[in-house]
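This is work-v6.txt (compact mmCIF, C-alpha atoms).
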```txt
# COMPACT_ATOMS: atom_id res chain seq x y z
CA MET H 107 -1.12 7.28 97.67
CA ASP H 108 2.60 7.83 98.12
CA TYR H 109 5.08 9.83 100.17
CA GLN H 110 4.85 12.80 97.78
CA ASP H 111 1.09 13.01 98.45
CA ILE H 112 1.86 13.23 102.16
CA LYS H 113 4.62 15.79 101.64
CA ASN H 114 2.25 17.93 99.54
CA SER H 115 -0.13 18.07 102.54
CA ILE H 116 2.46 19.81 104.74
CA ILE H 117 2.62 23.60 104.65
CA THR H 118 5.82 25.44 105.59
CA ILE H 119 5.26 28.66 107.55
CA GLU H 120 8.37 30.84 107.57
CA ASP H 121 9.47 32.75 110.68
CA PHE H 122 7.12 30.92 113.06
CA PRO H 123 7.19 30.82 116.05
CA LYS H 124 10.10 33.22 115.64
CA LYS H 125 12.26 34.65 112.88
CA GLY H 126 14.48 32.05 111.22
CA ILE H 127 12.26 29.04 112.02
CA SER H 128 10.44 27.22 109.20
CA PHE H 129 7.43 25.68 110.94
CA LYS H 130 5.97 22.55 109.34
CA ASP H 131 2.17 22.70 109.60
CA ILE H 132 0.88 19.13 109.49
CA SER H 133 -2.75 20.04 110.23
CA PRO H 134 -3.83 19.83 106.54
CA LEU H 135 -2.78 16.16 106.55
CA PHE H 136 -5.50 15.40 109.11
CA LEU H 137 -8.21 16.66 106.75
CA ASP H 138 -7.77 13.45 104.73
CA PRO H 139 -8.30 10.27 106.75
CA LYS H 140 -6.86 8.13 103.94
CA LYS H 141 -3.58 10.03 104.13
CA VAL H 142 -3.44 9.63 107.91
CA GLU H 143 -4.17 5.92 107.56
CA PHE H 144 -1.37 5.65 104.98
CA VAL H 145 1.08 7.36 107.36
CA ILE H 146 0.17 5.09 110.28
CA ASP H 147 0.41 2.01 108.04
CA GLU H 148 3.89 3.05 106.86
CA MET H 149 4.99 3.67 110.43
CA ALA H 150 3.60 0.25 111.40
CA ASN H 151 5.51 -1.44 108.59
CA PHE H 152 8.71 -0.03 110.05
CA ALA H 153 7.69 -0.81 113.63
CA LYS H 154 7.15 -4.47 112.70
CA THR H 155 10.91 -4.71 112.07
CA ILE H 156 11.70 -3.86 115.71
CA ASP H 157 11.23 -5.84 118.91
CA PHE H 158 9.70 -3.31 121.33
CA ASP H 159 7.38 -3.30 124.33
CA CYS H 160 5.80 0.16 124.20
CA ILE H 161 5.49 3.35 122.19
CA VAL H 162 6.69 6.58 123.76
CA ALA H 163 5.64 9.92 122.23
CA PRO H 164 5.94 13.57 123.24
CA GLU H 165 3.09 16.04 123.35
CA SER H 166 1.43 17.28 121.48
CA ARG H 167 2.04 16.34 117.88
CA GLY H 168 3.78 13.09 118.77
CA PHE H 169 0.50 11.97 120.32
CA LEU H 170 -1.20 12.29 116.92
CA PHE H 171 0.95 9.48 115.53
CA GLY H 172 2.04 7.59 118.64
CA LEU H 173 -1.39 6.63 119.93
CA PRO H 174 -2.83 5.38 116.60
CA LEU H 175 0.38 3.44 116.00
CA ALA H 176 0.24 1.93 119.51
CA LEU H 177 -3.36 0.87 118.93
CA LYS H 178 -2.51 -0.65 115.55
CA MET H 179 0.50 -2.49 117.03
CA LYS H 180 -1.43 -3.45 120.19
CA LYS H 181 1.27 -1.93 122.41
CA PRO H 182 1.04 0.33 125.46
CA PHE H 183 1.30 4.08 124.85
CA VAL H 184 3.48 6.19 127.15
CA LEU H 185 2.89 9.94 127.34
CA VAL H 186 5.86 12.30 127.38
CA ARG H 187 4.58 15.61 128.74
CA LYS H 188 5.91 19.07 129.24
CA LYS H 189 7.02 20.02 132.74
CA GLY H 190 4.26 20.28 135.31
CA LYS H 191 1.56 18.43 133.34
CA LEU H 192 1.79 15.06 135.12
CA PRO H 193 0.33 14.82 138.65
CA ARG H 194 2.37 11.86 139.92
CA GLU H 195 6.08 11.25 140.47
CA VAL H 196 8.04 11.87 137.27
CA VAL H 197 11.47 11.53 135.73
CA SER H 198 12.46 14.63 133.78
CA GLU H 199 15.06 15.97 131.38
CA SER H 200 15.70 19.52 130.16
CA TYR H 201 17.03 20.23 126.69
CA ASN H 202 17.54 23.05 124.18
CA LEU H 203 15.06 23.71 121.41
CA GLU H 204 15.78 25.63 118.24
CA TYR H 205 14.00 28.54 119.93
CA GLY H 206 14.38 28.03 123.70
CA VAL H 207 14.69 25.52 126.53
CA ALA H 208 12.14 22.87 127.51
CA THR H 209 11.72 20.10 130.07
CA LEU H 210 10.02 16.79 129.34
CA GLU H 211 8.64 14.32 131.88
CA ILE H 212 7.42 10.74 132.01
CA THR H 213 5.51 9.31 134.96
CA LYS H 214 7.98 7.19 136.90
CA ASP H 215 5.88 4.01 136.77
CA ALA H 216 4.67 4.38 133.14
CA VAL H 217 7.30 2.04 131.71
CA ALA H 218 8.52 -1.23 133.18
CA PRO H 219 12.28 -1.37 133.85
CA ASN H 220 14.27 -3.42 131.31
CA SER H 221 11.67 -2.86 128.61
CA LYS H 222 12.22 -1.60 125.06
CA ALA H 223 10.64 1.57 123.72
CA LEU H 224 9.92 2.90 120.25
CA ILE H 225 9.93 6.72 120.16
CA VAL H 226 7.36 8.29 117.82
CA ASP H 227 7.05 11.96 116.89
CA ASP H 228 5.86 14.10 114.03
CA LEU H 229 9.20 15.71 113.25
CA ILE H 230 12.89 15.47 114.03
CA ALA H 231 15.08 18.52 113.54
CA THR H 232 18.23 18.64 115.67
CA GLY H 233 17.16 15.61 117.71
CA GLY H 234 16.96 17.47 121.02
CA THR H 235 13.53 16.13 121.94
CA THR H 236 14.50 12.57 121.05
CA ILE H 237 17.76 12.74 123.01
CA ALA H 238 15.89 14.12 126.04
CA ILE H 239 13.40 11.23 125.80
CA GLN H 240 16.27 8.73 125.45
CA ASN H 241 17.85 10.22 128.59
CA ILE H 242 14.61 9.86 130.54
CA LEU H 243 14.25 6.27 129.35
CA THR H 244 17.84 5.54 130.45
CA LYS H 245 17.03 6.93 133.91
CA LEU H 246 14.06 4.52 133.97
CA ASN H 247 16.29 1.60 132.86
CA VAL H 248 14.44 1.37 129.54
CA SER H 249 16.12 0.96 126.14
CA ALA H 250 15.19 3.15 123.19
CA VAL H 251 15.30 0.63 120.33
CA GLY H 252 14.12 2.93 117.57
CA GLN H 253 12.50 6.12 116.42
CA VAL H 254 9.87 6.84 113.81
CA TYR H 255 8.89 10.26 112.44
CA LEU H 256 6.62 11.72 109.82
CA ILE H 257 9.21 14.39 108.89
CA GLU H 258 12.98 14.61 109.13
CA LEU H 259 14.45 18.05 108.54
CA PHE H 260 17.31 16.95 106.35
CA GLY H 261 20.83 17.32 107.69
CA LEU H 262 20.00 18.68 111.16
CA ALA H 263 19.93 15.60 113.43
CA ASP H 264 23.14 13.90 114.53
CA HIS H 265 22.12 10.29 113.91
CA SER H 266 25.09 9.04 115.94
CA LYS H 267 23.27 10.26 119.08
CA LEU H 268 20.02 8.45 118.24
CA GLN H 269 19.50 4.98 119.68
CA GLY H 270 18.19 2.02 117.70
CA LYS H 271 16.70 1.89 114.23
CA PHE H 272 15.57 5.09 112.54
CA PHE H 273 12.74 5.82 110.09
CA SER H 274 11.19 8.99 108.66
CA LEU H 275 8.57 9.07 105.94
CA ILE H 276 9.54 12.45 104.53
CA LYS H 277 12.76 14.44 104.35
CA MET H 278 12.41 18.19 103.94
```
Write out the structure in this file as structure tokens.
Amino acid sequence: MDYQDIKNSIITIEDFPKKGISFKDISPLFLDPKKVEFVIDEMANFAKTIDFDCIVAPESRGFLFGLPLALKMKKPFVLVRKKGKLPREVVSESYNLEYGVATLEITKDAVAPNSKALIVDDLIATGGTTIAIQNILTKLNVSAVGQVYLIELFGLADHSKLQGKFFSLIKM
């Protein structure tokens, strides 16, 4: 098993959800538990190089990697949800997507102040989601000490705006 095996499991769907977007369908990856285990193990190898207190991941595809990684690392898992999905007091941040505007929220008491968070998601493109999460964490007095992704869309993210160490398994 290697990174090329993982990359071969990802299907690109052109013009979805709108014209000009190349959607990366990761669902075929989940048909092979050994591939998923390999991905989580590789993410864990990177995570072991960082001192962090919790894993923070956005819905929905970030949950697919964030929770298994949190369990493997024996760290708390913090949900980042879309606006209006959390019933308690939240801290929120709006940001631009490649195809619209979105707002993310974290429950105000989900992360202890002065802690360190590792952000986990399936894909980074321009970095908008990650920067929004970093901004929420800053409002909560939490440091983003790194990010880990399955896929990095090559050349789109401004790494100078990303906090902490960075890792992606695949560049497309």
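Pairwise distance (atom CA of H:Lys154, atom CA of H:Val196) equals 29.5 Å.
Note that the spacing between atom CA of H:Asp147 and atom CA of H:Leu268 amounts to 23.0 Å.
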Write out as a list in words which residues come within 12 Å of H:Thr155 when counting all atoms listed in the file, dropping same-chain ones fewer than 6 positions away.
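Counting all atoms listed in the file, the residues come to Glu148, Met149, Met179, Leu224, Val251, Gly252, Gln253, Val254, Gly270, Lys271, Phe272 and Phe273 of chain H.
For the atom pair formed by atom CA of H:Thr244 and atom CA of H:Ala223, the distance is 10.6 Å, given to one decimal.
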Kindly indicate which residue among H:Leu173, H:Ile257, H:Leu262, H:Val162 lies nearest to H:Ala216, using only C-alpha atoms for the distances.
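Among the listed residues, the smallest separation from H:Ala216 belongs to H:Val162.
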Proximity to H:Val184 - best of H:Leu135, H:Ile239, H:Ala153, H:Ala208, all atoms listed in the file:
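Using all atoms listed in the file, H:Val184 sits closest to H:Ile239.
Each of H:Glu258, H:Gly126, H:Ile112, H:Ser198 was checked against H:Lys140 using all atoms listed in the file; the smallest atom-to-atom distance is that of H:Ile112.
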